[in-house]
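Data block for final_12.tsv (TSV, C-alpha atoms):
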```tsv
chain	number	residue	atom	x	y	z
A	17	MET	CA	0.00	0.00	0.00
A	18	MET	CA	2.96	2.30	0.71
A	19	SER	CA	5.48	0.65	-1.65
A	20	ASP	CA	4.52	2.85	-4.59
A	21	LEU	CA	5.27	6.09	-2.75
A	22	PRO	CA	8.40	7.99	-3.86
A	23	SER	CA	11.18	8.35	-1.30
A	24	TYR	CA	10.36	11.97	-0.43
A	25	ALA	CA	6.74	10.99	0.25
A	26	LEU	CA	7.92	8.23	2.58
A	27	TRP	CA	10.01	10.79	4.49
A	28	LEU	CA	6.99	13.07	4.65
A	29	LEU	CA	4.84	10.20	5.87
A	30	ALA	CA	7.35	9.46	8.63
A	31	ALA	CA	7.49	13.13	9.61
A	32	MET	CA	3.71	13.45	9.76
A	33	ALA	CA	3.40	10.22	11.75
A	34	PHE	CA	5.98	11.52	14.23
A	35	MET	CA	4.19	14.87	14.46
A	36	GLY	CA	0.87	13.13	15.05
A	37	TYR	CA	2.31	10.86	17.73
A	38	VAL	CA	3.97	13.71	19.65
A	39	LEU	CA	0.86	15.91	19.42
A	40	GLY	CA	-1.28	13.01	20.58
A	41	SER	CA	1.04	12.49	23.54
A	42	VAL	CA	0.18	15.90	25.04
A	43	PRO	CA	-1.89	15.00	28.16
A	44	PHE	CA	-4.34	17.89	28.33
A	45	GLY	CA	-6.38	16.31	31.14
A	46	LEU	CA	-3.32	16.02	33.35
A	47	ILE	CA	-2.09	19.50	32.46
A	48	LEU	CA	-5.44	21.16	33.17
A	49	THR	CA	-6.02	19.41	36.48
A	50	ASN	CA	-2.49	20.19	37.67
A	51	MET	CA	-2.89	23.85	36.68
A	52	ALA	CA	-6.22	24.00	38.53
A	53	GLY	CA	-4.70	22.52	41.67
A	54	VAL	CA	-6.91	19.44	41.59
A	55	GLY	CA	-3.96	17.09	41.97
A	56	ASP	CA	-2.42	14.27	39.96
A	57	LEU	CA	-5.18	12.90	37.74
A	58	ARG	CA	-3.39	9.56	37.58
A	59	LYS	CA	-4.13	9.08	41.29
A	60	ILE	CA	-7.85	9.94	41.00
A	61	GLY	CA	-10.67	7.60	40.03
A	62	SER	CA	-9.60	5.23	37.27
A	63	GLY	CA	-6.22	6.94	36.90
A	64	ASN	CA	-7.05	7.66	33.26
A	65	ILE	CA	-6.03	11.02	31.73
A	66	GLY	CA	-9.23	11.50	29.71
A	67	ALA	CA	-12.27	13.69	30.17
A	68	THR	CA	-14.38	11.04	31.96
A	69	ASN	CA	-11.83	10.76	34.75
A	70	VAL	CA	-11.43	14.54	34.91
A	71	LEU	CA	-15.19	14.66	35.52
A	72	ARG	CA	-14.65	12.51	38.63
A	73	THR	CA	-12.76	15.42	40.18
A	74	GLY	CA	-16.05	17.34	40.25
A	75	ARG	CA	-14.81	19.94	37.76
A	76	LYS	CA	-17.20	19.84	34.81
A	77	ASP	CA	-15.41	22.81	33.25
A	78	LEU	CA	-12.09	21.00	33.23
A	79	ALA	CA	-13.73	17.84	31.87
A	80	ALA	CA	-15.32	19.80	29.02
A	81	ALA	CA	-12.02	21.53	28.26
A	82	THR	CA	-10.19	18.19	28.27
A	83	LEU	CA	-12.75	16.67	25.93
A	84	GLY	CA	-12.46	19.62	23.55
A	85	LEU	CA	-8.67	19.79	23.58
A	86	ASP	CA	-8.22	16.04	23.17
A	87	ALA	CA	-10.56	16.09	20.16
A	88	ALA	CA	-8.85	19.21	18.80
A	89	LYS	CA	-5.39	17.65	18.88
A	90	GLY	CA	-6.70	14.71	16.87
A	91	ALA	CA	-8.22	16.99	14.26
A	92	LEU	CA	-5.22	19.33	14.24
A	93	ALA	CA	-2.76	16.55	13.46
A	94	VAL	CA	-4.78	15.51	10.40
A	95	VAL	CA	-5.22	19.13	9.25
A	96	ILE	CA	-1.46	19.78	9.53
A	97	ALA	CA	-0.77	16.66	7.47
A	98	TRP	CA	-3.34	17.78	4.89
A	99	ILE	CA	-1.62	21.18	4.58
A	100	MET	CA	1.84	19.63	4.27
A	101	THR	CA	1.02	16.77	1.89
A	102	PRO	CA	0.69	16.87	-1.93
A	103	PRO	CA	-2.79	15.74	-3.11
A	104	ASP	CA	-1.39	12.63	-4.81
A	105	PHE	CA	-0.33	11.12	-1.49
A	106	SER	CA	-2.61	12.86	1.01
A	107	ASP	CA	-5.08	9.99	1.42
A	108	ARG	CA	-2.52	7.56	2.78
A	109	ILE	CA	-0.44	10.06	4.72
A	110	LEU	CA	-3.50	11.55	6.42
A	111	ALA	CA	-4.66	8.04	7.33
A	112	VAL	CA	-1.32	7.22	8.95
A	113	THR	CA	-1.29	10.56	10.78
A	114	ALA	CA	-4.79	9.95	12.18
A	115	LEU	CA	-3.69	6.58	13.52
A	116	ALA	CA	-0.47	8.06	14.95
A	117	VAL	CA	-2.21	10.80	16.93
A	118	VAL	CA	-4.54	8.26	18.59
A	119	VAL	CA	-1.60	5.97	19.39
A	120	GLY	CA	0.14	8.99	20.93
A	121	HIS	CA	-2.84	9.68	23.18
A	122	CYS	CA	-3.12	6.05	24.27
A	123	TYR	CA	0.63	5.52	24.69
A	124	PRO	CA	2.15	8.98	25.33
A	125	ILE	CA	5.90	9.27	25.40
A	126	PHE	CA	5.65	11.97	28.08
A	127	LEU	CA	3.87	9.68	30.57
A	128	GLY	CA	5.78	6.45	30.19
A	129	PHE	CA	3.39	5.20	27.49
A	130	LYS	CA	0.45	5.13	29.95
A	131	GLY	CA	-2.32	7.27	28.48
A	132	GLY	CA	-6.02	7.50	27.75
A	133	LYS	CA	-8.47	5.37	25.83
A	134	GLY	CA	-8.51	7.42	22.63
A	135	VAL	CA	-12.20	8.24	22.31
A	136	ALA	CA	-12.12	12.05	22.02
A	137	THR	CA	-8.83	12.10	20.12
A	138	GLY	CA	-10.06	9.36	17.80
A	139	LEU	CA	-13.31	11.16	17.06
A	140	GLY	CA	-11.44	14.42	16.44
A	141	ALA	CA	-9.00	12.72	14.07
A	142	LEU	CA	-11.80	10.93	12.19
A	143	LEU	CA	-13.88	14.11	11.91
A	144	ALA	CA	-10.94	15.63	10.05
A	145	LEU	CA	-10.07	12.48	8.08
A	146	SER	CA	-13.64	11.60	7.04
A	147	PRO	CA	-16.20	14.14	8.29
A	148	ILE	CA	-19.25	11.98	7.56
A	149	THR	CA	-17.72	9.04	9.42
A	150	GLY	CA	-16.79	11.27	12.34
A	151	LEU	CA	-20.23	12.88	12.54
A	152	ILE	CA	-21.98	9.50	12.51
A	153	GLY	CA	-19.57	8.32	15.19
A	154	CYS	CA	-20.30	11.36	17.36
A	155	ALA	CA	-24.04	10.86	16.92
A	156	ALA	CA	-23.75	7.20	17.90
A	157	TRP	CA	-21.64	8.06	20.93
A	158	LEU	CA	-24.01	10.73	22.21
A	159	GLY	CA	-27.16	8.76	21.39
A	160	VAL	CA	-26.12	5.50	23.04
A	161	ALA	CA	-24.57	7.30	26.03
A	162	LYS	CA	-27.78	9.25	26.57
A	163	LEU	CA	-29.96	6.15	26.15
A	164	THR	CA	-27.93	3.91	28.48
A	165	ARG	CA	-26.36	6.60	30.69
A	166	ILE	CA	-23.09	4.70	30.22
A	167	SER	CA	-20.38	6.82	28.61
A	168	SER	CA	-18.23	3.85	27.62
A	169	ALA	CA	-21.20	2.18	25.89
A	170	GLY	CA	-21.54	5.23	23.66
A	171	ALA	CA	-17.86	5.14	22.82
A	172	LEU	CA	-17.96	1.44	22.02
A	173	ALA	CA	-20.99	1.89	19.78
A	174	ALA	CA	-19.29	4.71	17.88
A	175	PHE	CA	-16.11	2.78	17.21
A	176	LEU	CA	-17.98	-0.37	16.25
A	177	ILE	CA	-20.04	1.53	13.67
A	178	MET	CA	-17.41	3.79	12.10
A	179	PRO	CA	-15.33	1.12	10.27
A	180	PHE	CA	-18.46	0.00	8.39
A	181	VAL	CA	-19.40	3.59	7.57
A	182	THR	CA	-15.94	4.25	6.15
A	183	LEU	CA	-16.00	1.10	4.05
A	184	ALA	CA	-19.39	2.10	2.66
A	185	LEU	CA	-18.09	5.57	1.81
A	186	TYR	CA	-14.76	4.62	0.25
A	187	GLY	CA	-15.48	1.19	-1.16
A	188	PHE	CA	-15.41	-2.26	0.34
A	189	SER	CA	-11.71	-2.57	-0.40
A	190	PHE	CA	-8.75	-1.44	1.63
A	191	GLN	CA	-6.85	-0.89	-1.62
A	192	ALA	CA	-9.12	1.91	-2.82
A	193	SER	CA	-8.27	4.23	0.08
A	194	GLY	CA	-6.11	4.23	3.20
A	195	LYS	CA	-8.96	5.64	5.28
A	196	PRO	CA	-10.89	2.40	5.94
A	197	MET	CA	-7.74	0.72	7.26
A	198	ALA	CA	-6.93	3.70	9.49
A	199	VAL	CA	-10.47	3.79	10.89
A	200	LEU	CA	-10.42	0.03	11.48
A	201	LEU	CA	-7.08	0.15	13.32
A	202	ILE	CA	-8.11	3.18	15.39
A	203	SER	CA	-11.38	1.47	16.29
A	204	LEU	CA	-9.63	-1.76	17.28
A	205	LEU	CA	-7.22	0.22	19.46
A	206	VAL	CA	-10.05	2.09	21.20
A	207	LEU	CA	-12.01	-1.12	21.73
A	208	MET	CA	-8.93	-2.84	23.13
A	209	ARG	CA	-8.38	0.08	25.55
A	210	HIS	CA	-11.97	-0.44	26.74
A	211	SER	CA	-11.58	-4.16	27.53
A	212	ALA	CA	-12.21	-3.60	31.25
A	213	ASN	CA	-15.27	-1.47	30.48
A	214	ILE	CA	-16.64	-4.20	28.20
A	215	GLY	CA	-16.31	-6.71	31.04
A	216	ARG	CA	-18.13	-4.42	33.46
A	217	ILE	CA	-20.91	-3.71	30.93
A	218	LEU	CA	-21.43	-7.44	30.42
A	219	ASN	CA	-21.69	-8.13	34.14
A	220	GLY	CA	-23.75	-5.01	34.84
A	221	THR	CA	-21.25	-3.15	37.02
A	222	GLU	CA	-20.20	-0.32	34.67
A	223	PRO	CA	-20.94	3.04	36.35
A	224	ARG	CA	-23.78	5.09	34.91
A	225	VAL	CA	-23.88	8.85	34.50
A	226	PRO	CA	-26.27	10.23	37.15
A	227	PRO	CA	-29.47	11.73	35.71
A	228	LYS	CA	-29.68	15.53	35.65
A	229	GLN	CA	-31.33	17.08	38.68
A	230	LYS	CA	-34.58	18.84	37.81
```

Would you kindly transcribe this structure into structure tokens?
Amino acid sequence: MMSDLPSYALWLLAAMAFMGYVLGSVPFGLILTNMAGVGDLRKIGSGNIGATNVLRTGRKDLAAATLGLDAAKGALAVVIAWIMTPPDFSDRILAVTALAVVVGHCYPIFLGFKGGKGVATGLGALLALSPITGLIGCAAWLGVAKLTRISSAGALAAFLIMPFVTLALYGFSFQASGKPMAVLLISLLVLMRHSANIGRILNGTEPRVPPKQK
């Protein structure tokens, strides 16, 4: 799939993948909670650096900011790659960059490769890579989360659906575009990072979001 790229495009691909990984490694949840004096997020709740765990600190504003910034870094990495890449190679290089930024969030170099679960960053990256796919994923996430009051169930639904959406959009062949493969790999990574959540959902012990007070 990459063998037909000229040497300069391979160097560009490596550079964009590196950029995406480093940008994905920026732990906004940890940075925001430390700046706000909340404490070390890794020692709170699940120890995760994502928005759901930030919410467990009681700071909805920080959780919303973390969600937005984690999604933004995913989208930004893909947009930077789009700006830097010639049209002939952009499909594959953008796909690799999208995967790299999610890997960076899940396994950040700045935190000893112990990061988040990739939901917000993955959705941000896929909104930039394939807007229709990303929008359907966001709708599935919000809809299922609202219906079940289980945030992780919404995330799982989104990343189960999006590979099929991408295949429908770009052809049922991984040779036609690099995007279906990127979406599939990102989705598998996010699902793998949610293995404990899947177990708790199956046995009925996954925490639910409390209903809004009227």

>> With distances taken over only C-alpha atoms, which residue among A:Ile148, A:Lys89, A:Val42, A:Thr73 lies nearest Gly55 of chain A?
In response: A:Thr73

>> Can you pull out the residues contacting segment 92-105 of chain A? Cut-off 9 Å, using all atoms listed in the file, and skip same-chain residues under 3 positions away; I want them as an NGL selection string.
In response: :A and (21 or 25 or 28-29 or 32-33 or 35-37 or 39-40 or 87-89 or 108-111 or 113-114 or 116-117 or 140-142 or 144-145)

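For the pair atom CA of Arg165 of chain A and atom CA of Lys133 of chain A, the separation is 18.6 Å.
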
>> Please determine, counting only C-alpha atoms, which residue among A:Gly170, A:Pro196, A:Gly120, A:Gly61 has the shortest atom-to-atom distance to Ile217 of chain A.
In response: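 Closest residue, counting only C-alpha atoms: A:Gly170.
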
>> Which residue is closest to Ala173 of chain A? Choose from A:Tyr24, A:Gly90, A:Ala67, A:Val160 and count all atoms listed in the file.
In response: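 Smallest distance to Ala173 of chain A is found for A:Val160.
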
> Quick one: residues within 10 Å of Leu71 of chain A, only C-alpha atoms counted, chain neighbours fewer than 6 positions away excluded, as a list in words?
Replying inline: Gly45, Gly61, Asp77, Leu78, Ala79, Ala80 and Thr82 of chain A

How would segment 60-71 of chain A read, as a PDB file, keeping the file's coordinate frame, once all heavy atoms are built in?
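New file result_31.pdb:
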```pdb
ATOM      1  N   ILE A  60      -6.428   9.670  40.739  1.00  0.00           N
ATOM      2  CA  ILE A  60      -7.850   9.940  41.000  1.00  0.00           C
ATOM      3  C   ILE A  60      -8.696   8.979  40.163  1.00  0.00           C
ATOM      4  O   ILE A  60      -8.392   8.729  38.994  1.00  0.00           O
ATOM      5  CB  ILE A  60      -8.200  11.397  40.632  1.00  0.00           C
ATOM      6  CG1 ILE A  60      -7.410  12.373  41.518  1.00  0.00           C
ATOM      7  CG2 ILE A  60      -9.701  11.651  40.765  1.00  0.00           C
ATOM      8  CD1 ILE A  60      -7.531  13.816  41.090  1.00  0.00           C
ATOM      9  N   GLY A  61      -9.739   8.451  40.765  1.00  0.00           N
ATOM     10  CA  GLY A  61     -10.670   7.600  40.030  1.00  0.00           C
ATOM     11  C   GLY A  61      -9.989   6.423  39.351  1.00  0.00           C
ATOM     12  O   GLY A  61      -9.290   5.638  39.986  1.00  0.00           O
ATOM     13  N   SER A  62     -10.184   6.330  38.036  1.00  0.00           N
ATOM     14  CA  SER A  62      -9.600   5.230  37.270  1.00  0.00           C
ATOM     15  C   SER A  62      -8.123   5.429  36.973  1.00  0.00           C
ATOM     16  O   SER A  62      -7.462   4.508  36.500  1.00  0.00           O
ATOM     17  CB  SER A  62     -10.359   5.079  35.941  1.00  0.00           C
ATOM     18  OG  SER A  62     -10.147   6.226  35.120  1.00  0.00           O
ATOM     19  N   GLY A  63      -7.608   6.643  37.226  1.00  0.00           N
ATOM     20  CA  GLY A  63      -6.220   6.940  36.900  1.00  0.00           C
ATOM     21  C   GLY A  63      -6.015   7.318  35.445  1.00  0.00           C
ATOM     22  O   GLY A  63      -4.900   7.614  35.022  1.00  0.00           O
ATOM     23  N   ASN A  64      -7.119   7.322  34.676  1.00  0.00           N
ATOM     24  CA  ASN A  64      -7.050   7.660  33.260  1.00  0.00           C
ATOM     25  C   ASN A  64      -6.870   9.170  33.083  1.00  0.00           C
ATOM     26  O   ASN A  64      -7.292   9.953  33.940  1.00  0.00           O
ATOM     27  CB  ASN A  64      -8.331   7.187  32.568  1.00  0.00           C
ATOM     28  CG  ASN A  64      -8.234   7.187  31.073  1.00  0.00           C
ATOM     29  OD1 ASN A  64      -8.522   8.196  30.445  1.00  0.00           O
ATOM     30  ND2 ASN A  64      -7.834   6.080  30.496  1.00  0.00           N
ATOM     31  N   ILE A  65      -6.287   9.599  31.954  1.00  0.00           N
ATOM     32  CA  ILE A  65      -6.030  11.020  31.730  1.00  0.00           C
ATOM     33  C   ILE A  65      -7.104  11.688  30.877  1.00  0.00           C
ATOM     34  O   ILE A  65      -6.971  12.856  30.514  1.00  0.00           O
ATOM     35  CB  ILE A  65      -4.648  11.241  31.067  1.00  0.00           C
ATOM     36  CG1 ILE A  65      -4.595  10.572  29.680  1.00  0.00           C
ATOM     37  CG2 ILE A  65      -3.537  10.730  31.966  1.00  0.00           C
ATOM     38  CD1 ILE A  65      -3.375  10.963  28.862  1.00  0.00           C
ATOM     39  N   GLY A  66      -8.191  10.966  30.581  1.00  0.00           N
ATOM     40  CA  GLY A  66      -9.230  11.500  29.710  1.00  0.00           C
ATOM     41  C   GLY A  66     -10.298  12.285  30.432  1.00  0.00           C
ATOM     42  O   GLY A  66     -10.298  12.420  31.664  1.00  0.00           O
ATOM     43  N   ALA A  67     -11.242  12.797  29.647  1.00  0.00           N
ATOM     44  CA  ALA A  67     -12.270  13.690  30.170  1.00  0.00           C
ATOM     45  C   ALA A  67     -13.179  13.016  31.193  1.00  0.00           C
ATOM     46  O   ALA A  67     -13.613  13.658  32.159  1.00  0.00           O
ATOM     47  CB  ALA A  67     -13.106  14.241  29.012  1.00  0.00           C
ATOM     48  N   THR A  68     -13.495  11.729  31.018  1.00  0.00           N
ATOM     49  CA  THR A  68     -14.380  11.040  31.960  1.00  0.00           C
ATOM     50  C   THR A  68     -13.771  11.017  33.352  1.00  0.00           C
ATOM     51  O   THR A  68     -14.462  11.241  34.353  1.00  0.00           O
ATOM     52  CB  THR A  68     -14.675   9.603  31.485  1.00  0.00           C
ATOM     53  OG1 THR A  68     -15.306   9.657  30.204  1.00  0.00           O
ATOM     54  CG2 THR A  68     -15.584   8.884  32.450  1.00  0.00           C
ATOM     55  N   ASN A  69     -12.474  10.772  33.437  1.00  0.00           N
ATOM     56  CA  ASN A  69     -11.830  10.760  34.750  1.00  0.00           C
ATOM     57  C   ASN A  69     -11.678  12.167  35.308  1.00  0.00           C
ATOM     58  O   ASN A  69     -11.755  12.362  36.530  1.00  0.00           O
ATOM     59  CB  ASN A  69     -10.470  10.062  34.686  1.00  0.00           C
ATOM     60  CG  ASN A  69     -10.022   9.563  36.048  1.00  0.00           C
ATOM     61  OD1 ASN A  69     -10.835   9.041  36.818  1.00  0.00           O
ATOM     62  ND2 ASN A  69      -8.762   9.737  36.374  1.00  0.00           N
ATOM     63  N   VAL A  70     -11.469  13.145  34.439  1.00  0.00           N
ATOM     64  CA  VAL A  70     -11.430  14.540  34.910  1.00  0.00           C
ATOM     65  C   VAL A  70     -12.767  14.899  35.538  1.00  0.00           C
ATOM     66  O   VAL A  70     -12.820  15.597  36.564  1.00  0.00           O
ATOM     67  CB  VAL A  70     -11.110  15.504  33.745  1.00  0.00           C
ATOM     68  CG1 VAL A  70     -11.196  16.956  34.222  1.00  0.00           C
ATOM     69  CG2 VAL A  70      -9.707  15.229  33.191  1.00  0.00           C
ATOM     70  N   LEU A  71     -13.856  14.395  34.981  1.00  0.00           N
ATOM     71  CA  LEU A  71     -15.190  14.660  35.520  1.00  0.00           C
ATOM     72  C   LEU A  71     -15.321  14.135  36.949  1.00  0.00           C
ATOM     73  O   LEU A  71     -16.064  14.700  37.766  1.00  0.00           O
ATOM     74  CB  LEU A  71     -16.248  14.037  34.621  1.00  0.00           C
ATOM     75  CG  LEU A  71     -17.715  14.381  34.913  1.00  0.00           C
ATOM     76  CD1 LEU A  71     -17.954  15.883  34.805  1.00  0.00           C
ATOM     77  CD2 LEU A  71     -18.626  13.624  33.950  1.00  0.00           C
TER      78      LEU A  71
END
```
